[in-house]
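What follows is a short report on a single structure.
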Amino acid sequence: MGFSEADVYYVARLARLAVSREEVARLVGDLNRVLDYVAKLQSLPTETVAPTFHGVERASAMREDVPEPSLQPAAVVAEAPAARDGMFVVPRILEDDTGREGGEG
Amino acid sequence: MTAGPRYEVIIGLEVHVELKTRTKLFCGCENRFGAPPNTLTCPVCLGLPGVLPVLNREAVAMAARAGLALGCTVREHSRFDRKQYFYPDLPKGYQISQYDHPLCEHGQLRLYDGQGQYRKTVRIRRIHLEEDAGKLNHLGERLSDATGSLVDLNRAGVPLIEIVSEPDLRSGEEARWYLNALRATLAYLDVSDLRMEEGSMRCDANISLRPLDFTGSLADLPRVEVKNLNSVRNVERAIEYEVRRQAAQLSQGLGIERETRGFDDASGRTYSQRSKEEAHDYRYFPEPDLPPLVLTTEQITAWRDSLPSLPDAVREDLTAAGIDPRTVEVVVQDPAAVAYLWAAAQDYGRAEAVANWMLADLARLLNAHRRSYRDCPVPPAELANLLRLIDRGTLSGRMAKEVLEVMFVKGVTAEAAVAQLGVSQISDVDHLRPVVEAVIAEQPKVVADWRAGKEKAIGFLVGQVMKRTAGQANPELVNRLLREVLARQAHPLP
């Protein structure tokens, strides 16, 4: 089972990446080589090997629940393309349309 | 319509609960509601490049204790994963959550109805720890006609637990019992504010109808998820509406679409959010910035051993103290109410009388003044004092209600409130007898009626005595005195 152009466009859209036709052609090849490599790994006998739980072997360090200073409000929005009342301004959200439909179905 | 439903209602709930740690899950910013926008943010929770999350020990402890209280197994090895999606309230473009190795699994919760009757046990599939997103303030009336949004990231990174039930619930009513039981358990642990209206507890409901002749797996049923329900009542309403809607679809031979729906409070209806199916493709993978979370057996055992008394045990104790099951069911929801009740009952002696006063009068005052048993202006010892004044006949029940209100509003003792109101009940026979005699002398016709067998006439005489004593006479005593004096007049002593 290989990676198709449609798969590349789908994942690119999920990640909000613009890809050109030429890039897609190259990515299909690259990604399929990655999958081939994984398939090769899967052919190895691993029944007796304990699963790797995480790429890092150490256990997570934890911090105490003690407050530290936050940033100054002006600094927070200083680099924002647009800000108002100390908040970031973002464009209208088109993705999640909550327009009402279908009452009783 | 053919008689009876031809399907079974299948409901599972996902409940998000904000933990009340002092700081956020992965950074030292304060976890606090209501601060000015973006004043509780730093490079970590703003999602700036080059920073690393560091796990809050207390959040792990709270999540694990919640799991233990709900009968879960706490994993010694769990893991954080990235859940990727794009939304302006999520600055990193992913949420740090737990996917296939959650902190807690396989719990259960016992459900009781409003009468205090055990109804069923619901299995809890998992509880995982994750970070909350920020808050969007939409410009414009509704999201659909908003021109843009303002992003406040104070909430971004606040620790959440997500409690996922198995699809064991069968009605909106059962969902309500489940949420009440869950909220009570978490309240005893004191791990969250649990305010649904402020968003510190939020609920999504998964609802499907299983035709009675359906033999496949539940996972294959088209499931509708109703998101962001902000009160227990609305969870119940949304489920009831969805069941009706889906039943109507099925009865017309139409299919049920797998989708996410919202709930409109005003109309009581759910509506399609038509989010694209791909929005659910979160591309989870292990969070590379956080090593696995490893807990020791000793630590987990210590948490288990330090759990407080939980609702099921407290319910038994309250019932054993002779309190009416329906009253128990209200009190058991609130650990502060339970503590208050035990303190007052120990002082006064009769738990049931204390519970009745708490539910009827104290609860009304607490609601009206937006207070709770945690900061009740009438301490338990003073409620006990008030009840003793009733027992001694100093106060009638009606007077005591007024006295309690003064105690509550002015924060004074029962005795001080009695003095301020000047309401102490006249229970002094020598004081009342002349008044009783005077009323009898002035009302020969009523007296004659009573003697002729009109029992109700005595009530009028009692009323006259009460009037003359400005309502302060003990009405039972007045009634008894009237009968005594009338009897003596009918059969004068030689």
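Starting from 1 in every chain, residues are counted up; chains themselves are A, B, ... following the order of the structure tokens, and ligands are numbered from 1 as listed.
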**Message:** If we count only C-alpha atoms and set the cut-off at 9 Å, which residues sit around Ser192 of chain B, ignoring sequence neighbours fewer than 5 positions away in its own chain? Please answer as an NGL selection string.
**Reply:** :B and (17-21 or 186-187 or 200-201)
Since we have the selection now, will you write its residues out, keeping all heavy atoms, as a short mmCIF file (atom, residue, chain, number, x, y, z; two decimals), in the first residue's frame?
data_model
loop_
_atom_site.label_atom_id
_atom_site.label_comp_id
_atom_site.auth_asym_id
_atom_site.auth_seq_id
_atom_site.Cartn_x
_atom_site.Cartn_y
_atom_site.Cartn_z
N VAL B 17 -12.71 18.32 33.03
CA VAL B 17 -12.71 19.01 34.32
C VAL B 17 -11.38 19.74 34.49
O VAL B 17 -10.31 19.14 34.38
CB VAL B 17 -12.89 17.98 35.47
CG1 VAL B 17 -12.71 18.63 36.82
CG2 VAL B 17 -14.26 17.31 35.38
N GLU B 18 -11.45 21.03 34.73
CA GLU B 18 -10.22 21.80 34.98
C GLU B 18 -9.74 21.54 36.40
O GLU B 18 -10.51 21.65 37.36
CB GLU B 18 -10.50 23.31 34.84
CG GLU B 18 -10.53 23.79 33.42
CD GLU B 18 -10.74 25.31 33.33
OE1 GLU B 18 -10.88 25.97 34.38
OE2 GLU B 18 -10.78 25.81 32.20
N LEU B 19 -8.47 21.22 36.52
CA LEU B 19 -7.91 20.98 37.85
C LEU B 19 -7.52 22.31 38.49
O LEU B 19 -7.04 23.21 37.81
CB LEU B 19 -6.68 20.08 37.73
CG LEU B 19 -6.95 18.69 37.14
CD1 LEU B 19 -5.65 17.92 36.98
CD2 LEU B 19 -7.93 17.92 38.01
N LYS B 20 -7.72 22.40 39.81
CA LYS B 20 -7.40 23.68 40.44
C LYS B 20 -6.00 23.68 41.06
O LYS B 20 -5.83 23.90 42.25
CB LYS B 20 -8.48 24.14 41.41
CG LYS B 20 -8.82 23.23 42.54
CD LYS B 20 -9.83 24.00 43.41
CE LYS B 20 -10.18 23.28 44.66
NZ LYS B 20 -11.30 23.91 45.36
N THR B 21 -5.04 23.44 40.21
CA THR B 21 -3.65 23.61 40.61
C THR B 21 -3.38 25.11 40.72
O THR B 21 -4.17 25.92 40.25
CB THR B 21 -2.72 23.04 39.54
OG1 THR B 21 -3.14 23.56 38.28
CG2 THR B 21 -2.80 21.52 39.49
N LEU B 186 -15.67 14.20 42.67
CA LEU B 186 -14.56 15.15 42.45
C LEU B 186 -14.60 16.28 43.49
O LEU B 186 -13.56 16.79 43.90
CB LEU B 186 -14.61 15.71 41.03
CG LEU B 186 -14.41 14.66 39.93
CD1 LEU B 186 -14.64 15.27 38.56
CD2 LEU B 186 -13.00 14.06 40.01
N ALA B 187 -15.81 16.64 43.93
CA ALA B 187 -15.92 17.69 44.96
C ALA B 187 -15.27 17.22 46.27
O ALA B 187 -14.61 18.00 46.96
CB ALA B 187 -17.38 18.04 45.19
N SER B 200 -15.41 25.28 34.04
CA SER B 200 -14.40 24.44 34.70
C SER B 200 -14.84 22.97 34.71
O SER B 200 -14.08 22.11 35.10
CB SER B 200 -14.06 24.94 36.10
OG SER B 200 -15.20 25.03 36.90
N MET B 201 -16.08 22.71 34.27
CA MET B 201 -16.52 21.34 34.00
C MET B 201 -17.37 21.41 32.74
O MET B 201 -18.28 22.24 32.66
CB MET B 201 -17.33 20.81 35.18
CG MET B 201 -17.87 19.41 35.01
SD MET B 201 -18.56 18.79 36.58
CE MET B 201 -19.41 17.34 36.01
#
**Asked** Near Leu103 of chain B, counting only C-alpha atoms, which residues have an atom at most 7 Å away, once you skip same-chain residues fewer than 3 positions from it, shown as a list in words?
**Response**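 With the cut-off at 7 Å, the set is Val74, Arg75, Ser78, Ile127, His128 and Leu129 of chain B.
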**Fill in**
Judged by only C-alpha atoms, the minimum distance to Gln72 of chain A among B:Leu194, B:Cys29, B:Ile11, B:Leu68 is found for B:Cys29
**Message:** Near chain A, meaning an atom within 8 Å, which residues of chain B appear when counting only C-alpha atoms? Write them as a PyMOL selection string.
**Reply:** chain B and resi 21-23+28-30+37-43+54-58+85+88+143-144+146-152+245-246+248-249+262+269-275+278-279+286+288+290-294
**Asked** What separation in Å, quoted to one decimal, exists between atom CA of Asp281 of chain B and atom CA of Phe86 of chain B?
**Response** 11.3 Å
**Request:** Would you return as a ChimeraX atom specification the members of segment 57-92 of chain A that DSSP assigns to strand (DSSP E or B) on this structure's backbone?
**Result:** /A:62-63,83-84,87-91
**Request:** Taking the DSSP assignment computed from this structure's backbone, write out as number ranges by chain all residues of segment 312-439 of chain B that belong to helix (DSSP H, G or I).
**Result:** B: 312-320, 325-331, 335-348, 351-368, 373-375, 380-391, 397-410, 414-421, 429-439
So that I can see what lies close to segment 213-216 of chain B, please list as a PDB file with all heavy atoms, in the first residue's frame the residues with an atom at most 9 Å from it, counting only C-alpha atoms and leaving out residues fewer than 5 positions away in the same chain.
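Final output, saved to out.pdb:
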ATOM      1  N   ARG B   6     -38.280   0.665  18.889  1.00  0.00           N
ATOM      2  CA  ARG B   6     -37.641  -0.463  18.217  1.00  0.00           C
ATOM      3  C   ARG B   6     -36.126  -0.323  18.265  1.00  0.00           C
ATOM      4  O   ARG B   6     -35.415  -0.772  17.415  1.00  0.00           O
ATOM      5  CB  ARG B   6     -38.128  -0.531  16.770  1.00  0.00           C
ATOM      6  CG  ARG B   6     -39.552  -1.058  16.660  1.00  0.00           C
ATOM      7  CD  ARG B   6     -40.166  -0.672  15.341  1.00  0.00           C
ATOM      8  NE  ARG B   6     -40.237   0.776  15.182  1.00  0.00           N
ATOM      9  CZ  ARG B   6     -40.560   1.381  14.045  1.00  0.00           C
ATOM     10  NH1 ARG B   6     -40.778   0.684  12.977  1.00  0.00           N
ATOM     11  NH2 ARG B   6     -40.617   2.705  13.998  1.00  0.00           N
ATOM     12  N   TYR B   7     -35.683   0.427  19.241  1.00  0.00           N
ATOM     13  CA  TYR B   7     -34.246   0.661  19.353  1.00  0.00           C
ATOM     14  C   TYR B   7     -33.909   0.884  20.818  1.00  0.00           C
ATOM     15  O   TYR B   7     -34.798   1.112  21.645  1.00  0.00           O
ATOM     16  CB  TYR B   7     -33.856   1.905  18.550  1.00  0.00           C
ATOM     17  CG  TYR B   7     -34.699   3.092  18.906  1.00  0.00           C
ATOM     18  CD1 TYR B   7     -34.396   3.849  20.051  1.00  0.00           C
ATOM     19  CD2 TYR B   7     -35.828   3.427  18.172  1.00  0.00           C
ATOM     20  CE1 TYR B   7     -35.197   4.905  20.427  1.00  0.00           C
ATOM     21  CE2 TYR B   7     -36.626   4.488  18.542  1.00  0.00           C
ATOM     22  CZ  TYR B   7     -36.306   5.220  19.665  1.00  0.00           C
ATOM     23  OH  TYR B   7     -37.095   6.255  20.050  1.00  0.00           O
ATOM     24  N   LEU B 221     -22.173   1.753  14.986  1.00  0.00           N
ATOM     25  CA  LEU B 221     -23.395   2.561  14.934  1.00  0.00           C
ATOM     26  C   LEU B 221     -23.041   4.002  14.642  1.00  0.00           C
ATOM     27  O   LEU B 221     -22.067   4.524  15.177  1.00  0.00           O
ATOM     28  CB  LEU B 221     -24.116   2.513  16.282  1.00  0.00           C
ATOM     29  CG  LEU B 221     -24.933   1.283  16.621  1.00  0.00           C
ATOM     30  CD1 LEU B 221     -25.456   1.421  18.048  1.00  0.00           C
ATOM     31  CD2 LEU B 221     -26.081   1.120  15.644  1.00  0.00           C
TER      32      LEU B 221
END
**Asked** If we count only C-alpha atoms, what is near segment 465-472 of chain B at a cut-off of 12 Å, once residues fewer than 3 positions away on the same chain are taken out, given as a PyMOL selection string?
**Response** chain B and resi 393-400+418+421-428+431-440+442-443+458-462+475-479+481-482
**Item:** Å distance separating atom CA of Glu402 of chain B from atom CA of Lys456 of chain B, one decimal place
**Value:**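 Those two atoms sit 28.0 Å apart.
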Mind checking which residues fall within 7 Å of Val354 of chain B, counting only C-alpha atoms, ignoring those fewer than 6 positions away in the same chain, and posting them as a PDB file with N, CA, C and O atoms, in the first residue's frame?
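Final file, result_6.pdb:
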ATOM      1  N   LEU B 341     -23.357  19.573  58.325  1.00  0.00           N
ATOM      2  CA  LEU B 341     -24.396  18.768  58.969  1.00  0.00           C
ATOM      3  C   LEU B 341     -23.834  17.994  60.159  1.00  0.00           C
ATOM      4  O   LEU B 341     -24.421  18.007  61.243  1.00  0.00           O
ATOM      5  N   ALA B 344     -23.100  20.401  63.133  1.00  0.00           N
ATOM      6  CA  ALA B 344     -24.303  20.869  63.818  1.00  0.00           C
ATOM      7  C   ALA B 344     -25.005  19.712  64.546  1.00  0.00           C
ATOM      8  O   ALA B 344     -25.513  19.876  65.662  1.00  0.00           O
ATOM      9  N   ALA B 345     -24.998  18.542  63.907  1.00  0.00           N
ATOM     10  CA  ALA B 345     -25.688  17.394  64.499  1.00  0.00           C
ATOM     11  C   ALA B 345     -24.984  16.931  65.774  1.00  0.00           C
ATOM     12  O   ALA B 345     -25.628  16.524  66.741  1.00  0.00           O
TER      13      ALA B 345
END
**Request:** Go through A:Ala80, A:Leu31, A:Ala18, A:Ala25 and flag the residue nearest Gly2 of chain A, using only C-alpha atoms for the distances.
**Result:**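 Using only C-alpha atoms, the shortest distance to Gly2 of chain A belongs to A:Leu31.
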**Asked** Near Glu130 of chain B, within 9 Å and counting only C-alpha atoms, which residues show up once chain neighbours fewer than 2 positions away are dropped, as a list in words?
**Response** Leu25, Phe80, Gln95, Ile96, Ser97, Gln98, His128, Asp132, Gly157, Val158, Pro159, Leu160, Ile161 and Glu162 of chain B
Emit the selected residues as a CSV table (one decimal), in the first residue's frame, including N, CA, C and O atoms.
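And here's again.csv as it stands now:
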chain,number,residue,atom,x,y,z
B,25,LEU,N,-0.4,23.4,33.4
B,25,LEU,CA,0.1,22.0,33.4
B,25,LEU,C,1.6,22.0,33.0
B,25,LEU,O,2.4,21.1,33.5
B,80,PHE,N,2.4,11.1,27.0
B,80,PHE,CA,1.8,12.2,26.4
B,80,PHE,C,1.9,12.2,24.9
B,80,PHE,O,2.9,11.7,24.4
B,95,GLN,N,-2.4,20.1,20.7
B,95,GLN,CA,-2.7,20.0,22.2
B,95,GLN,C,-1.9,18.8,22.7
B,95,GLN,O,-1.9,17.8,22.1
B,96,ILE,N,-1.3,19.1,23.9
B,96,ILE,CA,-0.6,17.9,24.5
B,96,ILE,C,-1.7,17.2,25.3
B,96,ILE,O,-2.3,17.8,26.2
B,97,SER,N,-1.9,15.9,25.0
B,97,SER,CA,-2.9,15.1,25.6
B,97,SER,C,-2.3,13.7,25.8
B,97,SER,O,-1.1,13.5,25.7
B,98,GLN,N,-3.2,12.8,26.1
B,98,GLN,CA,-2.7,11.4,26.2
B,98,GLN,C,-3.6,10.5,25.3
B,98,GLN,O,-4.9,10.6,25.4
B,128,HIS,N,-7.7,10.8,31.2
B,128,HIS,CA,-6.4,11.3,30.8
B,128,HIS,C,-6.2,12.7,31.1
B,128,HIS,O,-7.1,13.5,31.4
B,132,ASP,N,-5.7,22.6,28.5
B,132,ASP,CA,-6.9,23.3,28.0
B,132,ASP,C,-6.4,24.3,26.9
B,132,ASP,O,-5.2,24.6,26.8
B,157,GLY,N,-3.2,25.9,28.4
B,157,GLY,CA,-2.2,25.2,29.3
B,157,GLY,C,-2.7,24.9,30.6
B,157,GLY,O,-2.0,24.3,31.4
B,158,VAL,N,-4.0,25.3,31.0
B,158,VAL,CA,-4.6,24.9,32.3
B,158,VAL,C,-4.8,23.4,32.3
B,158,VAL,O,-5.2,22.8,31.3
B,159,PRO,N,-4.4,22.7,33.4
B,159,PRO,CA,-4.6,21.3,33.4
B,159,PRO,C,-6.1,20.8,33.4
B,159,PRO,O,-6.9,21.4,34.1
B,160,LEU,N,-6.4,19.8,32.5
B,160,LEU,CA,-7.7,19.3,32.4
B,160,LEU,C,-7.6,17.8,32.6
B,160,LEU,O,-6.6,17.2,32.2
B,161,ILE,N,-8.6,17.2,33.2
B,161,ILE,CA,-8.7,15.7,33.0
B,161,ILE,C,-10.0,15.5,32.2
B,161,ILE,O,-11.0,16.2,32.3
B,162,GLU,N,-9.9,14.5,31.3
B,162,GLU,CA,-11.0,14.1,30.5
B,162,GLU,C,-11.4,12.7,31.0
B,162,GLU,O,-10.7,11.8,30.9
**Prompt:** Separation of atom CA of Leu179 of chain B and atom CA of Leu13 of chain B, in Å?
**Reply:**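 Going from atom CA of Leu179 of chain B over to atom CA of Leu13 of chain B covers 9.0 Å.
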**Item:** Of the listed residues B:Gly116, B:Pro308, B:Pro222, B:Pro377, that which approaches Val331 of chain B most closely, counting only C-alpha atoms
**Value:** B:Gly116
